[in-house]
file target_9.cif (mmCIF, C-alpha atoms and all ligand atoms)
data_run
loop_
_atom_site.label_atom_id
_atom_site.label_comp_id
_atom_site.auth_asym_id
_atom_site.auth_seq_id
_atom_site.Cartn_x
_atom_site.Cartn_y
_atom_site.Cartn_z
CA MET A 11 -99.45 -15.80 -34.22
CA PHE A 12 -97.82 -16.06 -37.58
CA HIS A 13 -96.21 -12.77 -36.92
CA TYR A 14 -94.79 -13.97 -33.61
CA LYS A 15 -93.35 -17.20 -35.14
CA LYS A 16 -91.86 -15.21 -37.96
CA LEU A 17 -90.16 -12.98 -35.47
CA VAL A 18 -88.75 -15.96 -33.49
CA PHE A 19 -87.58 -17.55 -36.69
CA LEU A 20 -85.83 -14.38 -37.83
CA PHE A 21 -84.20 -14.02 -34.38
CA MET A 22 -82.89 -17.61 -34.51
CA VAL A 23 -81.49 -17.05 -38.00
CA ALA A 24 -79.75 -13.90 -36.82
CA VAL A 25 -78.18 -15.71 -33.84
CA MET A 26 -76.90 -18.52 -36.08
CA VAL A 27 -75.47 -16.12 -38.66
CA LEU A 28 -73.69 -14.20 -35.92
CA ALA A 29 -72.26 -17.38 -34.41
CA ALA A 30 -71.09 -18.55 -37.80
CA CYS A 31 -69.47 -15.19 -38.44
CA GLN A 32 -67.66 -15.32 -35.15
CA GLN A 33 -66.23 -18.76 -35.88
CA ALA A 34 -65.19 -17.70 -39.30
CA THR A 35 -63.46 -14.52 -38.13
CA PRO A 36 -59.78 -15.29 -38.17
CA VAL A 37 -58.01 -14.79 -34.88
CA VAL A 38 -55.87 -11.80 -35.59
CA THR A 39 -52.66 -12.16 -33.68
CA GLU A 40 -49.87 -9.63 -33.83
CA ALA A 41 -47.41 -10.67 -36.44
CA PRO A 42 -44.19 -11.63 -34.61
CA VAL A 43 -41.61 -8.92 -34.86
CA VAL A 44 -38.79 -10.64 -36.63
CA THR A 45 -35.57 -9.13 -35.37
CA GLU A 46 -32.21 -10.19 -36.66
CA ALA A 47 -30.27 -12.11 -34.00
CA PRO A 48 -27.58 -9.70 -32.79
CA VAL A 49 -24.12 -10.60 -33.99
CA VAL A 50 -22.16 -10.89 -30.76
CA THR A 51 -18.63 -9.76 -31.40
CA GLU A 52 -16.23 -9.58 -28.44
CA ALA A 53 -15.05 -5.99 -28.22
CA PRO A 54 -11.32 -6.20 -27.56
CA ALA A 55 -10.66 -5.02 -24.00
CA ALA A 56 -8.90 -1.68 -24.23
CA LEU A 57 -5.31 -2.00 -23.11
CA SER A 58 -4.07 0.56 -20.64
CA GLU A 59 -1.29 2.94 -21.58
CA TRP A 60 1.24 0.81 -19.66
CA SER A 61 0.85 -2.31 -21.77
CA LEU A 62 3.98 -3.89 -23.24
CA ASP A 63 4.31 -5.46 -26.68
CA CYS A 64 3.63 -8.92 -25.26
CA ALA A 65 0.17 -7.82 -23.99
CA PRO A 66 -2.27 -9.37 -23.30
CA ASN A 67 -0.19 -12.54 -22.93
CA CYS A 68 2.87 -11.33 -21.06
CA GLN A 69 4.32 -13.83 -18.60
CA TYR A 70 6.65 -13.18 -15.67
CA SER A 71 9.49 -14.49 -17.84
CA ASP A 72 8.90 -11.53 -20.21
CA LEU A 73 9.61 -9.02 -17.45
CA VAL A 74 13.01 -7.46 -16.89
CA VAL A 75 12.63 -5.40 -13.74
CA GLY A 76 15.00 -2.59 -12.81
CA PHE A 77 14.57 -2.08 -9.06
CA LEU A 78 15.85 1.12 -7.45
CA GLN A 79 16.27 0.29 -3.77
CA THR A 80 16.91 3.08 -1.23
CA GLY A 81 19.92 1.40 0.39
CA SER A 82 20.52 -1.06 3.19
CA GLU A 83 19.74 0.94 6.32
CA GLY A 84 18.42 -1.83 8.56
CA GLY A 85 16.36 -4.97 9.13
CA TRP A 86 13.27 -3.67 7.36
CA ARG A 87 15.21 -2.78 4.23
CA ALA A 88 17.07 -6.11 4.26
CA ALA A 89 13.72 -7.94 4.36
CA ASN A 90 12.37 -5.76 1.54
CA THR A 91 15.42 -6.46 -0.64
CA SER A 92 15.26 -10.22 0.03
CA SER A 93 11.58 -10.19 -0.85
CA PHE A 94 12.41 -8.75 -4.30
CA LYS A 95 15.35 -11.05 -4.98
CA GLU A 96 13.72 -14.28 -3.77
CA THR A 97 10.35 -13.62 -5.41
CA ALA A 98 12.02 -12.78 -8.73
CA GLU A 99 13.71 -16.18 -8.69
CA GLN A 100 10.51 -17.97 -7.77
CA LEU A 101 8.53 -16.29 -10.54
CA GLY A 102 11.26 -16.60 -13.16
CA LEU A 103 11.54 -12.91 -13.99
CA THR A 104 14.82 -11.04 -14.49
CA LEU A 105 15.74 -8.59 -11.75
CA LYS A 106 18.33 -5.86 -12.17
CA PHE A 107 18.97 -4.58 -8.65
CA TYR A 108 20.30 -1.07 -8.03
CA ASP A 109 21.44 0.01 -4.55
CA SER A 110 21.02 3.79 -4.24
CA GLN A 111 23.02 3.79 -0.98
CA ASN A 112 20.60 6.31 0.50
CA ASP A 113 21.94 8.92 -1.90
CA LEU A 114 19.36 10.74 -3.99
CA ALA A 115 21.82 11.69 -6.77
CA LYS A 116 22.77 8.03 -7.10
CA GLN A 117 19.13 6.97 -7.20
CA VAL A 118 18.35 9.46 -9.97
CA ALA A 119 21.41 8.29 -11.94
CA GLY A 120 20.25 4.68 -11.53
CA PHE A 121 16.80 5.62 -12.77
CA HIS A 122 18.28 7.18 -15.93
CA GLN A 123 20.32 4.03 -16.43
CA PHE A 124 17.19 1.86 -16.36
CA VAL A 125 15.28 4.21 -18.67
CA GLN A 126 18.07 3.86 -21.22
CA ASP A 127 18.52 0.12 -20.75
CA PRO A 128 16.69 -1.51 -23.69
CA GLU A 129 16.29 -4.78 -21.78
CA VAL A 130 14.48 -3.22 -18.81
CA ASN A 131 10.73 -3.04 -19.39
CA VAL A 132 9.61 -2.47 -15.78
CA ILE A 133 11.05 0.06 -13.31
CA VAL A 134 10.30 -0.27 -9.59
CA LEU A 135 11.15 2.71 -7.41
CA ALA A 136 11.53 2.92 -3.61
CA ALA A 137 11.96 6.69 -3.58
CA LEU A 138 14.35 8.38 -1.18
CA GLU A 139 12.47 11.66 -1.45
CA THR A 140 8.82 12.42 -2.16
CA THR A 141 9.45 15.20 -4.68
CA GLY A 142 11.30 15.86 -7.94
CA TRP A 143 10.29 12.78 -9.95
CA GLU A 144 8.01 14.20 -12.65
CA GLU A 145 10.55 14.64 -15.42
CA ILE A 146 12.21 11.28 -15.12
CA LEU A 147 8.90 9.47 -14.71
CA GLN A 148 7.74 11.08 -17.93
CA GLU A 149 10.94 9.88 -19.63
CA ALA A 150 10.31 6.34 -18.43
CA LYS A 151 6.74 6.46 -19.66
CA ASP A 152 7.80 7.84 -23.05
CA ALA A 153 10.34 5.04 -23.29
CA GLY A 154 7.48 2.53 -22.85
CA LYS A 155 8.50 1.21 -19.40
CA VAL A 156 5.99 0.12 -16.80
CA VAL A 157 6.66 2.10 -13.61
CA VAL A 158 5.60 0.80 -10.20
CA ILE A 159 6.28 2.76 -7.01
CA GLU A 160 6.94 0.55 -3.98
CA ASP A 161 7.22 1.25 -0.25
CA ARG A 162 7.69 5.04 -0.41
CA ARG A 163 4.86 7.24 -1.63
CA ILE A 164 5.83 10.09 -3.98
CA ASP A 165 4.27 13.46 -4.79
CA ALA A 166 3.81 13.19 -8.57
CA PRO A 167 0.81 13.12 -10.92
CA GLU A 168 -0.77 9.67 -10.82
CA ASP A 169 -0.69 9.23 -14.58
CA LEU A 170 3.11 9.03 -14.40
CA TYR A 171 3.14 5.60 -12.74
CA ALA A 172 1.04 2.46 -13.04
CA THR A 173 0.47 1.98 -9.32
CA TYR A 174 1.95 2.47 -5.86
CA ILE A 175 2.17 -0.46 -3.45
CA GLY A 176 3.11 0.40 0.10
CA SER A 177 2.09 1.25 3.61
CA ASP A 178 -0.17 3.94 4.92
CA PHE A 179 2.60 5.72 6.84
CA ALA A 180 0.25 8.35 8.26
CA GLU A 181 -1.89 5.56 9.70
CA GLU A 182 1.24 4.00 11.22
CA GLY A 183 1.88 7.38 12.86
CA ARG A 184 -1.69 7.57 14.17
CA LYS A 185 -1.47 4.01 15.53
CA SER A 186 1.84 4.90 17.20
CA ALA A 187 0.22 7.90 18.89
CA ALA A 188 -2.73 5.82 20.10
CA GLU A 189 -0.32 3.23 21.55
CA MET A 190 1.85 5.88 23.18
CA CYS A 191 -1.28 7.37 24.74
CA LYS A 192 -2.05 3.98 26.30
CA LEU A 193 1.53 3.52 27.49
CA LEU A 194 1.57 6.92 29.17
CA GLU A 195 -1.94 6.71 30.59
CA GLY A 196 -2.13 8.02 34.15
CA MET A 197 1.37 9.49 34.04
CA GLU A 198 1.75 13.05 35.18
CA GLY A 199 4.18 14.06 32.46
CA LYS A 200 3.70 12.96 28.86
CA LYS A 201 6.86 14.25 27.31
CA VAL A 202 7.82 12.36 24.18
CA TRP A 203 10.97 12.53 22.08
CA GLU A 204 10.69 11.73 18.41
CA LEU A 205 13.46 10.12 16.37
CA VAL A 206 12.68 10.95 12.76
CA GLY A 207 13.70 8.93 9.68
CA ASN A 208 15.30 10.42 6.57
CA VAL A 209 13.85 13.91 6.32
CA GLY A 210 12.17 14.22 2.92
CA SER A 211 11.05 10.58 2.72
CA SER A 212 7.35 9.88 2.75
CA ALA A 213 7.79 7.39 5.61
CA ALA A 214 9.26 10.09 7.86
CA LYS A 215 6.91 12.88 6.80
CA ASP A 216 3.70 10.87 7.04
CA ARG A 217 4.53 9.02 10.27
CA GLY A 218 5.37 12.36 11.90
CA GLN A 219 2.16 13.93 10.66
CA GLY A 220 0.04 10.91 11.67
CA PHE A 221 1.58 10.88 15.17
CA ARG A 222 0.73 14.55 15.65
CA GLU A 223 -2.83 13.95 14.47
CA GLY A 224 -3.31 11.19 17.04
CA MET A 225 -1.39 12.46 20.06
CA GLY A 226 -3.48 15.52 20.88
CA GLU A 227 -6.21 13.38 22.34
CA CYS A 228 -4.23 12.34 25.41
CA GLY A 229 -2.04 15.34 26.10
CA ILE A 230 1.30 14.12 24.72
CA GLU A 231 3.86 16.86 24.28
CA ILE A 232 6.73 16.37 21.81
CA THR A 233 9.67 18.09 23.48
CA ASN A 234 12.41 16.91 21.12
CA SER A 235 12.33 15.84 17.49
CA GLN A 236 15.32 15.19 15.27
CA THR A 237 16.40 12.88 12.50
CA GLY A 238 18.34 9.73 13.27
CA ASN A 239 18.37 8.78 9.57
CA TRP A 240 16.83 5.34 10.24
CA SER A 241 20.09 4.24 11.91
CA THR A 242 20.86 2.70 15.30
CA THR A 243 24.09 4.66 15.64
CA GLU A 244 22.48 8.00 14.89
CA GLY A 245 19.39 7.21 16.95
CA LYS A 246 21.69 6.54 19.88
CA GLN A 247 23.79 9.69 19.36
CA VAL A 248 20.73 11.93 19.15
CA THR A 249 19.18 10.39 22.28
CA GLU A 250 22.48 10.72 24.18
CA ALA A 251 22.63 14.41 23.30
CA TRP A 252 19.07 14.96 24.54
CA LEU A 253 19.73 13.01 27.73
CA ARG A 254 22.68 15.23 28.50
CA GLU A 255 20.26 18.16 28.52
CA SER A 256 17.42 16.58 30.49
CA LYS A 257 16.07 13.24 31.63
CA ASP A 258 12.53 14.49 31.81
CA VAL A 259 11.09 12.14 29.19
CA GLN A 260 8.37 9.50 29.48
CA GLY A 261 8.19 8.17 25.95
CA ILE A 262 10.33 7.84 22.82
CA PHE A 263 8.67 7.51 19.44
CA ALA A 264 11.25 6.09 17.05
CA GLN A 265 10.04 6.15 13.47
CA ASN A 266 11.77 2.81 12.87
CA ASP A 267 13.04 -0.11 14.96
CA GLU A 268 16.74 0.62 14.38
CA MET A 269 16.54 4.12 15.87
CA GLY A 270 14.52 2.64 18.73
CA PHE A 271 17.38 0.20 19.48
CA GLY A 272 19.78 3.16 19.54
CA ALA A 273 17.52 5.02 21.97
CA ILE A 274 17.33 1.93 24.22
CA GLU A 275 21.13 1.69 24.37
CA ALA A 276 21.42 5.39 25.18
CA LEU A 277 18.79 5.16 27.95
CA LYS A 278 20.51 2.19 29.55
CA GLU A 279 23.91 3.86 29.45
CA ALA A 280 22.35 6.93 31.10
CA GLY A 281 21.08 4.73 33.96
CA LEU A 282 17.43 4.67 32.90
CA THR A 283 15.36 1.52 32.43
CA PRO A 284 13.57 1.36 29.08
CA GLY A 285 10.11 -0.12 29.45
CA GLU A 286 9.84 1.26 33.01
CA ASP A 287 11.28 4.78 33.21
CA VAL A 288 10.80 5.51 29.54
CA LYS A 289 8.45 3.70 27.13
CA VAL A 290 10.04 3.17 23.73
CA LEU A 291 7.80 2.61 20.73
CA SER A 292 9.07 2.03 17.21
CA VAL A 293 7.76 1.22 13.73
CA ASP A 294 8.55 -1.81 11.51
CA ALA A 295 8.03 -4.97 13.65
CA THR A 296 11.28 -6.65 12.58
CA GLY A 297 12.59 -9.79 14.28
CA ASN A 298 14.93 -7.72 16.46
CA ALA A 299 12.00 -5.60 17.65
CA PHE A 300 10.30 -8.78 18.92
CA LYS A 301 13.54 -9.74 20.66
CA ALA A 302 13.68 -6.30 22.31
CA MET A 303 10.04 -6.63 23.39
CA LEU A 304 10.65 -10.10 24.85
CA GLU A 305 13.55 -8.60 26.82
CA GLY A 306 11.24 -5.84 28.07
CA ASP A 307 13.20 -2.98 26.46
CA LEU A 308 10.80 -2.08 23.69
CA SER A 309 7.15 -1.53 24.63
CA VAL A 310 5.42 -1.56 21.25
CA THR A 311 6.27 -1.99 17.59
CA VAL A 312 3.86 -0.87 14.88
CA GLU A 313 4.07 -3.05 11.81
CA CYS A 314 5.27 -1.83 8.43
CA ASN A 315 5.22 -4.72 5.98
CA PRO A 316 8.39 -5.03 3.85
CA LEU A 317 7.38 -8.20 1.98
CA LEU A 318 5.94 -6.32 -0.95
CA ALA A 319 7.58 -8.03 -3.94
CA PRO A 320 4.81 -10.57 -4.75
CA GLN A 321 2.25 -7.76 -4.96
CA VAL A 322 4.61 -5.46 -6.89
CA TYR A 323 5.51 -8.08 -9.49
CA GLU A 324 1.89 -9.11 -9.90
CA ALA A 325 0.92 -5.49 -10.44
CA ALA A 326 3.74 -5.02 -12.96
CA LEU A 327 2.57 -8.05 -14.92
CA LYS A 328 -1.02 -6.84 -14.91
CA ALA A 329 0.07 -3.40 -16.11
CA ALA A 330 2.25 -5.01 -18.80
CA ASN A 331 -0.83 -6.91 -19.96
CA GLY A 332 -2.77 -3.69 -20.23
CA GLU A 333 -4.88 -3.94 -17.07
CA GLU A 334 -5.91 -0.74 -15.32
CA LEU A 335 -4.73 -0.75 -11.71
CA PRO A 336 -5.75 1.22 -8.63
CA LYS A 337 -3.27 4.01 -7.99
CA TRP A 338 -2.53 2.83 -4.46
CA VAL A 339 -2.69 -0.60 -2.86
CA PRO A 340 -2.07 -0.11 0.89
CA SER A 341 -0.55 -2.96 2.93
CA GLN A 342 -2.42 -4.59 5.80
CA GLU A 343 -0.52 -4.06 9.04
CA GLY A 344 -0.87 -4.70 12.78
CA VAL A 345 0.48 -3.58 16.15
CA PHE A 346 2.48 -5.75 18.56
CA ARG A 347 2.83 -5.10 22.28
CA ALA A 348 5.41 -6.29 24.81
CA ASP A 349 2.64 -7.15 27.30
CA ASP A 350 0.84 -9.50 24.89
CA PRO A 351 0.67 -12.90 26.67
CA ASN A 352 1.15 -14.64 23.27
CA LEU A 353 4.16 -12.58 22.27
CA GLU A 354 6.60 -15.49 22.13
CA GLU A 355 4.28 -17.47 19.90
CA ILE A 356 3.70 -14.47 17.63
CA ALA A 357 7.45 -13.77 17.44
CA ALA A 358 8.11 -17.40 16.43
CA GLY A 359 5.69 -17.06 13.51
CA ARG A 360 7.21 -13.87 12.09
CA THR A 361 9.00 -14.06 8.76
CA TYR A 362 11.26 -11.01 8.90
O1 LIG A 401 9.93 3.05 4.14
C1 LIG A 401 9.96 2.18 5.19
C2 LIG A 401 11.02 2.60 6.14
O2 LIG A 401 12.27 2.61 5.53
C3 LIG A 401 11.20 1.68 7.32
O3 LIG A 401 10.34 1.96 8.36
C4 LIG A 401 12.60 1.98 7.69
O4 LIG A 401 13.15 1.09 8.61
C5 LIG A 401 13.16 1.87 6.34
O5 LIG A 401 14.42 2.08 6.16
#

call {"tool": "encode", "arguments": {"input": "target_9.cif", "output": "structure tokens"}}
result
Amino acid sequence: MFHYKKLVFLFMVAVMVLAACQQATPVVTEAPVVTEAPVVTEAPAALSEWSLDCAPNCQYSDLVVGFLQTGSEGGWRAANTSSFKETAEQLGLTLKFYDSQNDLAKQVAGFHQFVQDPEVNVIVLAALETTGWEEILQEAKDAGKVVVIEDRRIDAPEDLYATYIGSDFAEEGRKSAAEMCKLLEGMEGKKVWELVGNVGSSAAKDRGQGFREGMGECGIEITNSQTGNWSTTEGKQVTEAWLRESKDVQGIFAQNDEMGFGAIEALKEAGLTPGEDVKVLSVDATGNAFKAMLEGDLSVTVECNPLLAPQVYEAALKAANGEELPKWVPSQEGVFRADDPNLEEIAAGRTY
């Protein structure tokens, strides 16, 4: 009995000692890892190679832009030039305008002039030809000028210019082919004559290539193709010469509106009715193209946007401030058709 009580007693003592030990055991928590608060220093954003001395705070008023325009070959070009002159005034930048008169030698001379002009810090080029620009672009870059290509794409290494802002001419050609396919749908013959722009310009090369890519699908056959140098007079002369040889033509693809107007005149004088006997399609969508569509002479105009100056100047300012830019910013463009029931309304809202 005594033995049993002793055992119970000892058991109780053991339980109490254990409980006391447990309470006394300090709760071991992981010592907090004391890390130094990181010192947040703003890493200066790296300036691109095109930045000017005023970067990153350049304003439009710091820019002196030397703009090498192709010439003044028609309504599209006039709208493009006005866009540059008017926008420069609105933004308060200095514009030095150079008219290359559609002469490559003059354009190259003008480029040299701007490279050497200490006031000019931005050069904008609407190139007459796609090739041959590497050397002079390198000179401009070495002289610390921001170079922006506008309207006409060039074949040169991308590191020689800050950005290119302009149309997708090949897409304009593909759209033209798709529209011509619709216009000639159901016709037995699908013979098309092509009036080409300035040979050597990206607009002419790419529109021609795009048209050929798109036309195969509906059986169009290009039976004549020749340059009309973007001009109404030459477009007319070329069409007259073709008409003297044959009147077997269902469509005319004029790579710009002006040449399309020349073709329309030539067709009428040859006793054909444009819009009925021959479908004329052109590129640009100028005010006069809408007029020709409303009169039923022109069937379709594919838009090429000339109002590029706001985008070009903005890009130049960004480049001057050391921002990296995409190498190509394509314009958004539509297609307008003579049979659109809202054509008058659309024409009234056009700005060029
Ligand atoms: O580069 C754009 C082209 O140049 C236009 O389609 C044409 O009219 C202009 O002269």

call {"tool": "atom_distance", "arguments": {"input": "target_9.cif", "atom1": "CA of Val310 in chain A", "atom2": "CA of Val248 in chain A"}}
result
20.5 Å

call {"tool": "residues_around", "arguments": {"input": "target_9.cif", "residues": "range 300-306 of chain A", "least_positions_apart": "6", "cutoff": "12 Å", "atoms": "all atoms listed in the file", "output": "JSON, numbers by chain"}}
result
{"A": [267, 268, 270, 271, 272, 273, 274, 275, 283, 284, 285, 286, 287, 288, 289, 290, 291, 292, 293, 294, 312, 313, 345, 346, 347, 348, 349, 350, 351, 352, 353, 354, 355, 356, 357, 358, 359, 360, 361, 362]}

call {"tool": "residues_near_point", "arguments": {"input": "target_9.cif", "point": "(7.3, -2.3, -18.7)", "cutoff": "12 Å", "atoms": "only C-alpha atoms", "output": "PyMOL selection string"}}
result
chain A and resi 58-65+68-70+72-76+124-125+127-134+150-158+171-172+323+325-332

call {"tool": "closest_atom_pairs", "arguments": {"input": "target_9.cif", "of": "chain A", "to": "ligand LIG 401 (chain A)", "cutoff": "7 Å", "atoms": "only C-alpha atoms and all ligand atoms", "output": "tab-separated table"}}
result
residue	atom	partner	partner_atom	distance
A:Glu83	CA	A:LIG401	O5	5.4
A:Gly84	CA	A:LIG401	O4	6.0
A:Gly85	CA	A:LIG401	O4	6.9
A:Trp86	CA	A:LIG401	O4	4.9
A:Arg87	CA	A:LIG401	O5	5.3
A:Asp161	CA	A:LIG401	O1	5.5
A:Arg162	CA	A:LIG401	O1	5.4
A:Ala213	CA	A:LIG401	O1	5.1
A:Trp240	CA	A:LIG401	O5	5.8
A:Gln265	CA	A:LIG401	O3	6.6
A:Asn266	CA	A:LIG401	O4	4.8
A:Asp267	CA	A:LIG401	O4	6.5
A:Glu268	CA	A:LIG401	O4	6.8
A:Val293	CA	A:LIG401	O3	6.0
A:Asp294	CA	A:LIG401	O3	5.2
A:Cys314	CA	A:LIG401	O3	6.3

call {"tool": "atom_distance", "arguments": {"input": "target_9.cif", "atom1": "CA of Ile262 in chain A", "atom2": "CA of Thr140 in chain A"}}
result
25.4 Å

call {"tool": "closest_residue", "arguments": {"input": "target_9.cif", "among": "A:Ile230, A:Ala56, A:Glu139, A:Ile175", "to": "Gln321 in chain A", "atoms": "only C-alpha atoms"}}
result
A:Ile175

call {"tool": "atom_distance", "arguments": {"input": "target_9.cif", "atom1": "CA of Pro340 in chain A", "atom2": "CA of Cys228 in chain A"}}
result
27.6 Å

call {"tool": "closest_residue", "arguments": {"input": "target_9.cif", "among": "A:Val206, A:Leu105, A:Ala280, A:Leu135", "to": "Ala251 in chain A", "atoms": "all atoms listed in the file"}}
result
A:Ala280

call {"tool": "closest_residue", "arguments": {"input": "target_9.cif", "among": "A:Thr237, A:Asn90, A:Thr296, A:Gln148", "to": "Met269 in chain A", "atoms": "all atoms listed in the file"}}
result
A:Thr237

call {"tool": "residues_around", "arguments": {"input": "target_9.cif", "residues": "range 91-95 of chain A", "least_positions_apart": "5", "cutoff": "9 Å", "atoms": "only C-alpha atoms", "output": "PyMOL selection string"}}
result
chain A and resi 77+79+82+86+100+105+107+316-320+322-323

call {"tool": "closest_residue", "arguments": {"input": "target_9.cif", "among": "A:Pro167, A:Leu57, A:Leu138, A:Glu324", "to": "Ala98 in chain A", "atoms": "all atoms listed in the file"}}
result
A:Glu324

call {"tool": "axis_aligned_box", "arguments": {"input": "target_9.cif", "around": "range 312-327 of chain A", "padding_each_side": "4 Å", "output": "AutoDock Vina command-line options"}}
result
--center_x 4.7 --center_y -5.7 --center_z 0.0 --size_x 15.5 --size_y 17.7 --size_z 37.8

call {"tool": "build_atoms", "arguments": {"input": "target_9.cif", "residues": "range 118-129 of chain A", "atoms": "N, CA and C atoms", "output": "compact mmCIF listing (two decimals), keeping the file's coordinate frame"}}
result
# COMPACT_ATOMS: atom_id res chain seq x y z
N VAL A 118 18.78 8.84 -8.71
CA VAL A 118 18.35 9.46 -9.97
C VAL A 118 19.21 8.94 -11.13
N ALA A 119 20.51 8.81 -10.89
CA ALA A 119 21.41 8.29 -11.94
C ALA A 119 21.01 6.85 -12.30
N GLY A 120 20.68 6.07 -11.29
CA GLY A 120 20.25 4.68 -11.53
C GLY A 120 18.96 4.63 -12.33
N PHE A 121 18.08 5.57 -12.04
CA PHE A 121 16.80 5.62 -12.77
C PHE A 121 17.07 5.88 -14.25
N HIS A 122 17.95 6.87 -14.53
CA HIS A 122 18.28 7.18 -15.93
C HIS A 122 18.85 5.95 -16.62
N GLN A 123 19.69 5.24 -15.89
CA GLN A 123 20.32 4.03 -16.43
C GLN A 123 19.25 3.02 -16.87
N PHE A 124 18.25 2.83 -16.03
CA PHE A 124 17.19 1.86 -16.36
C PHE A 124 16.31 2.36 -17.51
N VAL A 125 16.10 3.67 -17.57
CA VAL A 125 15.28 4.21 -18.67
C VAL A 125 15.98 3.92 -20.00
N GLN A 126 17.32 4.05 -19.97
CA GLN A 126 18.07 3.86 -21.22
C GLN A 126 18.37 2.40 -21.53
N ASP A 127 18.20 1.54 -20.56
CA ASP A 127 18.52 0.12 -20.75
C ASP A 127 17.43 -0.54 -21.59
N PRO A 128 17.75 -0.98 -22.82
CA PRO A 128 16.69 -1.51 -23.69
C PRO A 128 16.10 -2.82 -23.17
N GLU A 129 16.83 -3.52 -22.32
CA GLU A 129 16.29 -4.78 -21.78
C GLU A 129 15.22 -4.54 -20.72
